[in-house]
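Undergrad: Supplied structure: query_25.pdb, PDB, C-alpha atoms, pLDDT in the B column.
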```
MODEL        1
ATOM      1  CA  MET A  20     111.750 111.592 124.423  1.00 73.00           C
ATOM      2  CA  ASP A  21     114.715 109.413 125.310  1.00 87.00           C
ATOM      3  CA  ILE A  22     116.100 106.984 122.721  1.00 90.00           C
ATOM      4  CA  LYS A  23     115.374 104.058 125.079  1.00 90.00           C
ATOM      5  CA  TYR A  24     111.655 104.812 125.094  1.00 92.00           C
ATOM      6  CA  ILE A  25     111.596 105.237 121.329  1.00 95.00           C
ATOM      7  CA  HIS A  26     113.238 101.815 121.038  1.00 95.00           C
ATOM      8  CA  VAL A  27     110.604 100.222 123.293  1.00 95.00           C
ATOM      9  CA  THR A  28     107.832 101.960 121.342  1.00 96.00           C
ATOM     10  CA  LEU A  29     109.163 100.627 118.042  1.00 97.00           C
ATOM     11  CA  ILE A  30     109.448  97.118 119.488  1.00 97.00           C
ATOM     12  CA  VAL A  31     105.825  97.243 120.699  1.00 97.00           C
ATOM     13  CA  VAL A  32     104.665  98.453 117.269  1.00 98.00           C
ATOM     14  CA  SER A  33     106.633  95.622 115.639  1.00 98.00           C
ATOM     15  CA  ILE A  34     105.011  93.097 117.981  1.00 98.00           C
ATOM     16  CA  ALA A  35     101.539  94.398 117.132  1.00 98.00           C
ATOM     17  CA  LEU A  36     102.250  94.302 113.388  1.00 98.00           C
ATOM     18  CA  SER A  37     103.735  90.814 113.568  1.00 97.00           C
ATOM     19  CA  LEU A  38     100.818  89.377 115.532  1.00 97.00           C
ATOM     20  CA  GLY A  39      98.297  91.201 113.365  1.00 97.00           C
ATOM     21  CA  PHE A  40      99.912  89.822 110.226  1.00 97.00           C
ATOM     22  CA  GLY A  41      99.904  86.368 111.812  1.00 96.00           C
ATOM     23  CA  PHE A  42      96.168  86.516 112.464  1.00 96.00           C
ATOM     24  CA  TRP A  43      95.543  87.841 108.956  1.00 97.00           C
ATOM     25  CA  THR A  44      97.542  85.055 107.305  1.00 96.00           C
ATOM     26  CA  LEU A  45      95.828  82.365 109.378  1.00 94.00           C
ATOM     27  CA  SER A  46      92.428  83.722 108.396  1.00 94.00           C
ATOM     28  CA  HIS A  47      93.442  83.414 104.721  1.00 94.00           C
ATOM     29  CA  SER A  48      94.858  79.880 105.134  1.00 91.00           C
ATOM     30  CA  TYR A  49      98.553  80.765 104.881  1.00 92.00           C
ATOM     31  CA  MET A  50      99.593  78.532 107.779  1.00 94.00           C
ATOM     32  CA  THR A  51     103.364  78.678 107.364  1.00 95.00           C
ATOM     33  CA  SER A  52     103.514  82.466 107.207  1.00 95.00           C
ATOM     34  CA  GLY A  53     101.172  82.721 110.177  1.00 95.00           C
ATOM     35  CA  PHE A  54     103.245  80.482 112.410  1.00 96.00           C
ATOM     36  CA  ILE A  55     106.481  82.203 111.393  1.00 97.00           C
ATOM     37  CA  SER A  56     104.916  85.557 112.161  1.00 97.00           C
ATOM     38  CA  PHE A  57     103.779  84.357 115.594  1.00 97.00           C
ATOM     39  CA  ALA A  58     107.271  83.017 116.308  1.00 97.00           C
ATOM     40  CA  ILE A  59     108.787  86.382 115.403  1.00 97.00           C
ATOM     41  CA  GLY A  60     106.209  88.125 117.605  1.00 97.00           C
ATOM     42  CA  ALA A  61     107.065  85.839 120.524  1.00 97.00           C
ATOM     43  CA  GLY A  62     110.760  86.510 120.002  1.00 98.00           C
ATOM     44  CA  LEU A  63     110.113  90.250 119.996  1.00 98.00           C
ATOM     45  CA  ILE A  64     108.153  89.962 123.246  1.00 98.00           C
ATOM     46  CA  VAL A  65     111.068  88.150 124.893  1.00 98.00           C
ATOM     47  CA  TYR A  66     113.485  90.754 123.520  1.00 97.00           C
ATOM     48  CA  CYS A  67     111.315  93.621 124.765  1.00 96.00           C
ATOM     49  CA  VAL A  68     111.075  92.202 128.293  1.00 96.00           C
ATOM     50  CA  ARG A  69     114.838  91.641 128.452  1.00 96.00           C
ATOM     51  CA  PHE A  70     115.504  95.132 127.092  1.00 95.00           C
ATOM     52  CA  ILE A  71     113.198  96.760 129.668  1.00 94.00           C
ATOM     53  CA  LYS A  72     114.911  94.865 132.504  1.00 94.00           C
ATOM     54  CA  LYS A  73     118.302  95.944 131.236  1.00 93.00           C
ATOM     55  CA  MET A  74     117.084  99.524 130.761  1.00 90.00           C
ATOM     56  CA  LYS A  75     116.001  99.706 134.425  1.00 88.00           C
ATOM     57  CA  ALA A  76     119.482  98.617 135.516  1.00 84.00           C
ATOM     58  CA  LEU A  77     121.127 101.478 133.605  1.00 77.00           C
TER      59      LEU A  77
ENDMDL
END
```
Just give me the structure as structure tokens.
TA:
Amino acid sequence: MDIKYIHVTLIVVSIALSLGFGFWTLSHSYMTSGFISFAIGAGLIVYCVRFIKKMKAL
């Protein structure tokens, strides 16, 4: 497996963990942690899309 695909896989796992933690914290009334976790998840999604576009150009 190429290092690029491992990187994308780890980013996708990080997105899933971040969003999952966000939903968990919101269900337990930890609003600040939930919103921060969703913001990090959104940032990781943007990063992943940009990385995939750059990876195709290489």
Undergrad: Apply the PyMOL selection byres ((chain A and resi 56-68) around 8) to the displayed file and report the matching residues as a ChimeraX atom specification.
TA: /A:27,30-31,33-35,37-38,40-41,52-55,69-72
Undergrad: One decimal, in Å: what's the spacing between atom CA of A:Leu36 and atom CA of A:Asp21?
TA: 22.9 Å
Undergrad: Tell me, in Å to one decimal, how far atom CA of A:Met74 is from atom CA of A:Val32.
TA: 18.4 Å
Undergrad: What is the distance, in Å and to one decimal place, between atom CA of A:Lys23 and atom CA of A:Leu77?
TA: 10.6 Å
Undergrad: Edge lengths and centre in Å to one decimal, as lines of an AutoDock Vina configuration file, of the axis-aligned box that encloses all listed atoms of stretch 63-68 of chain A with 3 Å added on every side?
TA:
```
center_x = 110.8
center_y = 90.9
center_z = 124.1
size_x = 11.3
size_y = 11.5
size_z = 14.3
```
Undergrad: Please determine, counting all atoms listed in the file, which residue among A:Gly39, A:Tyr24, A:Thr44, A:Thr51 has the shortest atom-to-atom distance to A:Lys75.
TA: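 Under the stated criterion, the closest residue is A:Tyr24.
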